[in-house]
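To start, the structure under review is shown below, and the notes come after it.
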Amino acid sequence: MEAQVPAASVSPRPWSPAPDASDVVKGIHAMLHPHNIVLVGATDKPGNYAERIWNNLVKYGYEGGLYPVNAKRETIWGVPCYKDFASLPEKPDHVLVLVPARFAVQVIRDAAAAGARSATIVTSGFSELQDEESQKLAAELQAAIRETGLAVTGPNCLGNLSAGEKLFTNIDDRVVTMEQGAVAIAGQSGAIVMAIRQALEDRGVGVGYMVTTGNEAGLETPDLMRYFAEDPSIKVIVVYLEGVRNTKAFRDACKAARASSKPVIALKLGSSEGGRAAAMAHTGALAGSIETFDAIATREGVIRVGGLDELIETTECFVHSAVPRGDRLAAVTLSGGKRGMLLDAFYAEGLNFAPLSPHVGSELEKMLGPGSIVGNPLDAGFAAVVDPSVYMKSIKLMIDDPDIDIVIIDAELPKAPHEPRERNLHIVDEMASRASKPVIYISAMSIGFTEFTKGLRKSLPHLAVMQGMDRAVTAINSLLAYAKLRKEVPDIVSSSKPAARAVLEKALKSASGAALDEVASKKLLKAYGIPISKEAIAQTAADAAKIAKQIGFPVVAKVVSAEILHKSDIGGVVLNLNSAAEVKKAFADITARVAKLKGKPKLDGILIAQQVKADLELVVGASLDAEMGPVVLFGTGGVDIELMKDVALAGAPLDEAEARLLIGRTKAGIKMRGYRGKPALHEASAVKALVGLSNLIADAGDRIASIDVNPFLINTKTGVAVDALIVLNNAAAKRAAGH
């Protein structure tokens with residue numbers, strides 16, 4: 001092992017990608033570690049972006065060449081100004097494009113021809129505008145980037161930070177601490193990414209890289225994630241996402257980060273408009289974009305946060321906390337009220353404090369007297385307030401206990417010099433440096449940081465310092481969830497058989513409407529191994545009675561029409577038919593109701609189906625999300641599905657093991673496995689249905705919008721799909737959905 005050289009004595013050489021690294025990773029490295037920077041469109045108009053970026057590069061001491069380019073100027077900012085790339089004293093490396101949008105494409109082509117390796121296009125006026133000319137420029141820019149092979153961020157972005165290079169090609173005029181911190185940030189909104197960097201800096205968390213990606217005509221956020229996953233200086237990756245354009249690239253980037261043991265903390269905006277066609281089925285309505293993002297991204301190790309405050313606390317927690325071995329929590333406080341708050345806050349997140357080991361409990365009993373609560377959380381009380389050494393010994397007992405995985409201390413940093421508290425903090429930081437577990441300080445409220453607090457916080461590298469009880473608990477819960485994830489997530493591919501795929505192709509080729517009718521839907525489900533009820537379609541009342549006798553009573557009668565998507569809503573389902581006469585009457589009643597409907601939907605017949613006695617009604621489904629791709633859904637079904645919303649989602653396709661995990665995330669899954677002494681239900685049939693559906697939606701590519709099996713009836717012996725709706729992703733479906 002190499003000797004560790006103190007940072008102050010030798011400037012460490014920046015990491016470089018391996019020779020076999022991807023071109024994207026090499027390109028990003030060139031952008032963040034350039035030999036020189038060329039500002040094309042340099043102008044000294046007051047407040048101009050070019051001048052602000054130039055001032056930042058000079059102020060923070062960027063050590064490479066700095067060259068302004070403007071054909072109309074001899075000098076600018078007190079230095080020579082160059083007419084073009086050919087007149088530069090060396091070939092350009094990283095180019096900042098600050099010219100009007102109509103000139104940007106040519107600048108990119110000229111930069112590449114002159115030898116540049118990367119560029120940042122600050123200029124706006126491309127795809128963010130809706131006019132025809134801007135859209136045309138955007139397409140031309142993408143073509144130029146693709147053809148030249150330059151690593152390009154933007155357009156419509158606000159520049160980047162590479163702290164180790166003292167590079168700040170950003171318009172922000174707030175003070176930046178140029179330290180090679182453990183956090184890397186990337187995102188599409190320059191303002192939000194800059195705000196995240198500032199907030200982390202105010203908390204004493206160093207940011208090594210910050211990249212604003214803008215419209216992402218070239219490099220996209222997942223590309224930056226891949227680079228950060230490989231750079232050993234980075235410990236935590238933070239991303240702001242307005243949308244995921246390339247699901248595979250995003251998933252691959254998440255896998256790379258997970259394999260490198262680097263959490264990805266994501267702030268994700270918005271719900272998808274692209275999945276509206278799926279809203280004709282229950283599955284589409286329930287599988288919103290953000291839920292779909294969670295279903296897929298969480299499997300790959302992404303921690304999605306609900307807002308900026310939560311993002312800052314979660315990042316703080318991951319930067320300064322080792323991944324815990326387990327979820328056995330312990331806490332130390334000096335207040336009975338705070339002890340109660342800790343219990344309530346952690347219990348609300350499904351977390352509990354471990355019983356104290358006999359040794360720790362015994363030692364605490366000896367030290368603490370009346371006014372203390374010896375338990376977990378510990379209220380050290382009066383004895384610890386009077387004698388600070390007792391307080392320190394209490395904390396040490398918790399940190400040293402091998403049966404505790406995380407130690408939480410209820411206290412905040414002092415806002416001004418306070419010798420005893422500072423001394424105690426440094427003692428605990430030293431304890432934490434030797435412990436193989438997170439030690440986390442929690443302030444019950446957000447108290448803010450003073451300049452003194454910021455400096456003190458930086459001197460405590462082994463402690464996580466959290467602001468606000470609720471956000472701290474959420475962050476700790478994320479830390480625990482991350483610790484349970486597999487380091488390497490295997491790819492799961494469709495396990496369908498050629499015969500099933502042939503049935504799929506035939507069904508899709510022959511389909512003409514917005515959806516497959518129930519008969520065609522069930523035929524396709526059966527081909528994919530999904531158990532369905534005994535049934536047949538009848539064209540006359542006599543046929544219906546004959547079919548019912550063959551199946552065996554009781555039976556169900558249901559309308560069959562590709563134009564009627566929700567049969568129950570129009571009285572198209574009749575249950576509990578126990579005789580031929582009842583079947584004939586149901587046939588006549590449904591036929592009459594359909595004849596009265598507005599629009600005169602085409603009636604393809606009446607389905608007579610086995611009525612399965614169910615102990616539980618489930619919904620199983622699949623949906624194609626516009627951003628994240630195919631997902632499957634499982635949960636409590638029946639008529640109250642939207643009201644209950646007891647559903648969970650997972651990316652498709654999945655295997656049997658992941659299907660069981662999906663089932664286990666719902667209340668329906670708890671009931672299936674035997675609840676309050678009731679027998680376990682036939683889980684194998686639900687697993688088979690989920691795997692089959694996941695294969696079907698994956699095999700269909702982008703041709704099926706959603707698959708809705710509701711209800712899927714299950715008892716102790718079997719489980720069957722008794723209703724099915726497959727909505728297509730075609731022009732008819734889009735018209736029906738209101739596109």
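How things are named: the first chain in the structure tokens is A, the next is B, and so on; residues count from 1 in each chain; ligands count from 1 in the order shown.
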
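All residues in stretch 194-230 of chain A with a DSSP state of strand (DSSP E or B), computed from the backbone, read Val207, Gly208, Tyr209, Met210, Val211 and Thr212 of chain A.
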
Quiz prompt | Test item: residues at most 6 Å from stretch 632-635 of chain A, only C-alpha atoms, excluding those fewer than 5 positions along its chain, as a ChimeraX atom specification | solution = /A:618-622,646-650,668,694

Just write the chosen residues, C-alpha atoms, as a CSV table (one decimal), in the first residue's frame.
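And here's again_3.csv as it stands now:
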chain,number,residue,atom,x,y,z
A,618,LEU,CA,-56.3,-8.9,-6.6
A,619,VAL,CA,-55.2,-6.6,-9.4
A,620,VAL,CA,-52.2,-7.5,-11.5
A,621,GLY,CA,-51.3,-5.3,-14.4
A,622,ALA,CA,-48.6,-3.8,-16.5
A,646,ASP,CA,-52.9,-0.8,-2.1
A,647,VAL,CA,-50.5,-1.4,-5.0
A,648,ALA,CA,-46.8,-1.8,-5.6
A,649,LEU,CA,-44.8,-1.6,-8.8
A,650,ALA,CA,-41.6,-3.1,-10.3
A,668,ALA,CA,-52.7,-7.9,-0.2
A,694,SER,CA,-43.9,-8.7,-17.2

Spatial neighbours of stretch 242-251 of chain A, max dist 9 Å, only C-alpha atoms, sep filter under 6 positions, as a JSON list (two decimals) with C-alpha atoms, in the first residue's frame:
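As written to disk, part-v4.json reads:
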[["chain", "number", "residue", "atom", "x", "y", "z"],
["A", 187, "GLY", "CA", -28.79, 18.30, -13.48],
["A", 188, "GLN", "CA", -30.82, 20.01, -16.12],
["A", 189, "SER", "CA", -31.69, 23.17, -14.18],
["A", 220, "GLU", "CA", -27.08, 13.80, -20.59],
["A", 221, "THR", "CA", -27.25, 13.47, -16.82],
["A", 222, "PRO", "CA", -26.76, 9.65, -16.91],
["A", 223, "ASP", "CA", -23.48, 10.22, -18.79],
["A", 225, "MET", "CA", -23.41, 9.74, -13.44],
["A", 267, "LEU", "CA", -34.61, 14.99, -7.00],
["A", 268, "LYS", "CA", -37.11, 14.08, -9.71],
["A", 269, "LEU", "CA", -39.76, 16.43, -11.04],
["A", 270, "GLY", "CA", -43.20, 15.93, -12.49],
["A", 272, "SER", "CA", -45.47, 11.88, -17.21],
["A", 296, "ILE", "CA", -37.24, 1.05, -11.41],
["A", 297, "ALA", "CA", -34.68, 3.43, -9.92],
["A", 300, "GLU", "CA", -30.79, 0.14, -9.05],
["A", 626, "ALA", "CA", -43.16, 7.25, -21.31],
["A", 627, "GLU", "CA", -39.95, 7.85, -19.35],
["A", 628, "MET", "CA", -39.05, 4.66, -17.56],
["A", 629, "GLY", "CA", -40.45, 1.97, -19.84]]

Self-check item: Expected answer as a ChimeraX atom specification: alpha helix (DSSP H) residues in stretch 278-494 of chain A
Solution: /A:282-286,289-297,308-320,336-348,358-367,381-386,388-400,419-434,451-458,469-484

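Proximity of A:Ser561, A:Val385, A:Phe346, A:Arg299 to A:Lys484, computed with only C-alpha atoms, is greatest for A:Arg299.
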
Give one line per residue of stretch 445-535 of chain A that approaches stretch 539-556 of chain A to at most 10 Å, naming the two atoms of the closest pair and their distance in Å to one decimal, counting only C-alpha atoms; sort by chain then ascending residue number and deliver it as JSON lines.
{"residue": "A:Ser533", "atom": "CA", "partner": "A:Ile551", "partner_atom": "CA", "distance": 9.9}
{"residue": "A:Lys534", "atom": "CA", "partner": "A:Ile551", "partner_atom": "CA", "distance": 6.7}
{"residue": "A:Glu535", "atom": "CA", "partner": "A:Ile551", "partner_atom": "CA", "distance": 7.2}

Quiz item: Got a sec: who's within 10 Å of stretch 500-510 of chain A, counting only C-alpha atoms, leaving out chain neighbours fewer than 6 positions off, as a PyMOL selection string?
Solution: chain A and resi 516+520-521+523-529+692+695-696+699-700+703-704+728

Residue subset to file, keeping N, CA and C atoms, as a short mmCIF file (atom, residue, chain, number, x, y, z; two decimals), in the first residue's frame:
data_model
loop_
_atom_site.label_atom_id
_atom_site.label_comp_id
_atom_site.auth_asym_id
_atom_site.auth_seq_id
_atom_site.Cartn_x
_atom_site.Cartn_y
_atom_site.Cartn_z
N LEU A 516 -57.75 -4.54 -27.08
CA LEU A 516 -58.21 -5.89 -27.39
C LEU A 516 -59.43 -6.18 -26.53
N ALA A 520 -59.90 -11.75 -26.74
CA ALA A 520 -58.56 -11.68 -27.32
C ALA A 520 -57.50 -11.43 -26.25
N SER A 521 -57.85 -10.61 -25.26
CA SER A 521 -56.90 -10.31 -24.17
C SER A 521 -56.56 -11.58 -23.40
N LYS A 523 -56.87 -14.68 -24.38
CA LYS A 523 -56.13 -15.62 -25.22
C LYS A 523 -54.63 -15.32 -25.15
N LEU A 524 -54.31 -14.04 -25.18
CA LEU A 524 -52.91 -13.62 -25.10
C LEU A 524 -52.34 -13.90 -23.71
N LEU A 525 -53.12 -13.63 -22.67
CA LEU A 525 -52.66 -13.92 -21.31
C LEU A 525 -52.37 -15.41 -21.14
N LYS A 526 -53.27 -16.24 -21.65
CA LYS A 526 -53.10 -17.69 -21.52
C LYS A 526 -51.81 -18.15 -22.21
N ALA A 527 -51.52 -17.55 -23.38
CA ALA A 527 -50.29 -17.90 -24.09
C ALA A 527 -49.05 -17.58 -23.26
N TYR A 528 -49.15 -16.58 -22.41
CA TYR A 528 -48.03 -16.18 -21.55
C TYR A 528 -48.06 -16.85 -20.17
N GLY A 529 -48.86 -17.89 -20.05
CA GLY A 529 -48.84 -18.69 -18.83
C GLY A 529 -49.63 -18.13 -17.68
N GLY A 692 -45.56 -13.68 -16.11
CA GLY A 692 -46.11 -13.72 -17.45
C GLY A 692 -46.45 -12.33 -17.98
N ASN A 695 -43.30 -10.39 -18.84
CA ASN A 695 -42.74 -10.84 -20.12
C ASN A 695 -43.54 -10.25 -21.29
N LEU A 696 -44.86 -10.25 -21.14
CA LEU A 696 -45.74 -9.78 -22.20
C LEU A 696 -45.51 -8.30 -22.49
N ASP A 699 -42.04 -7.87 -24.08
CA ASP A 699 -41.98 -8.37 -25.45
C ASP A 699 -42.70 -7.43 -26.43
N ALA A 700 -43.72 -6.74 -25.95
CA ALA A 700 -44.51 -5.88 -26.83
C ALA A 700 -43.78 -4.60 -27.22
N ARG A 703 -45.75 -1.19 -28.12
CA ARG A 703 -47.02 -1.38 -28.82
C ARG A 703 -48.21 -1.57 -27.89
N ILE A 704 -47.96 -1.88 -26.62
CA ILE A 704 -49.04 -2.01 -25.63
C ILE A 704 -48.86 -0.94 -24.57
N LEU A 728 -53.95 -0.75 -26.28
CA LEU A 728 -52.84 -0.65 -27.23
C LEU A 728 -52.25 0.76 -27.23
#

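In this model, the gap between atom CA of A:Val305 and atom CA of A:Pro377 comes to 26.7 Å.
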
Quiz item: Looking at only C-alpha atoms, which of A:Gly361, A:Gly65, A:Gly214, A:Gly637 is the one that sits closest to A:Asn36?
Solution: A:Gly65

Quiz item: Taking only C-alpha atoms into account, which of A:Val183, A:Thr169, A:His94, A:Lys255 comes nearest A:Ile234?
Solution: A:Val183

Quiz item: Hey, what's within 9 Å of A:Ala380 if we count only C-alpha atoms and toss same-chain stuff fewer than 4 positions away? As a PyMOL selection string, please?
Solution: chain A and resi 332-336+364+368-369+371-374+384-385+390-391+394

Quiz item: When you draw a straight line from atom CA of A:Ala330 to atom CA of A:Val439, how long is it in Å?
Solution: 9.9 Å
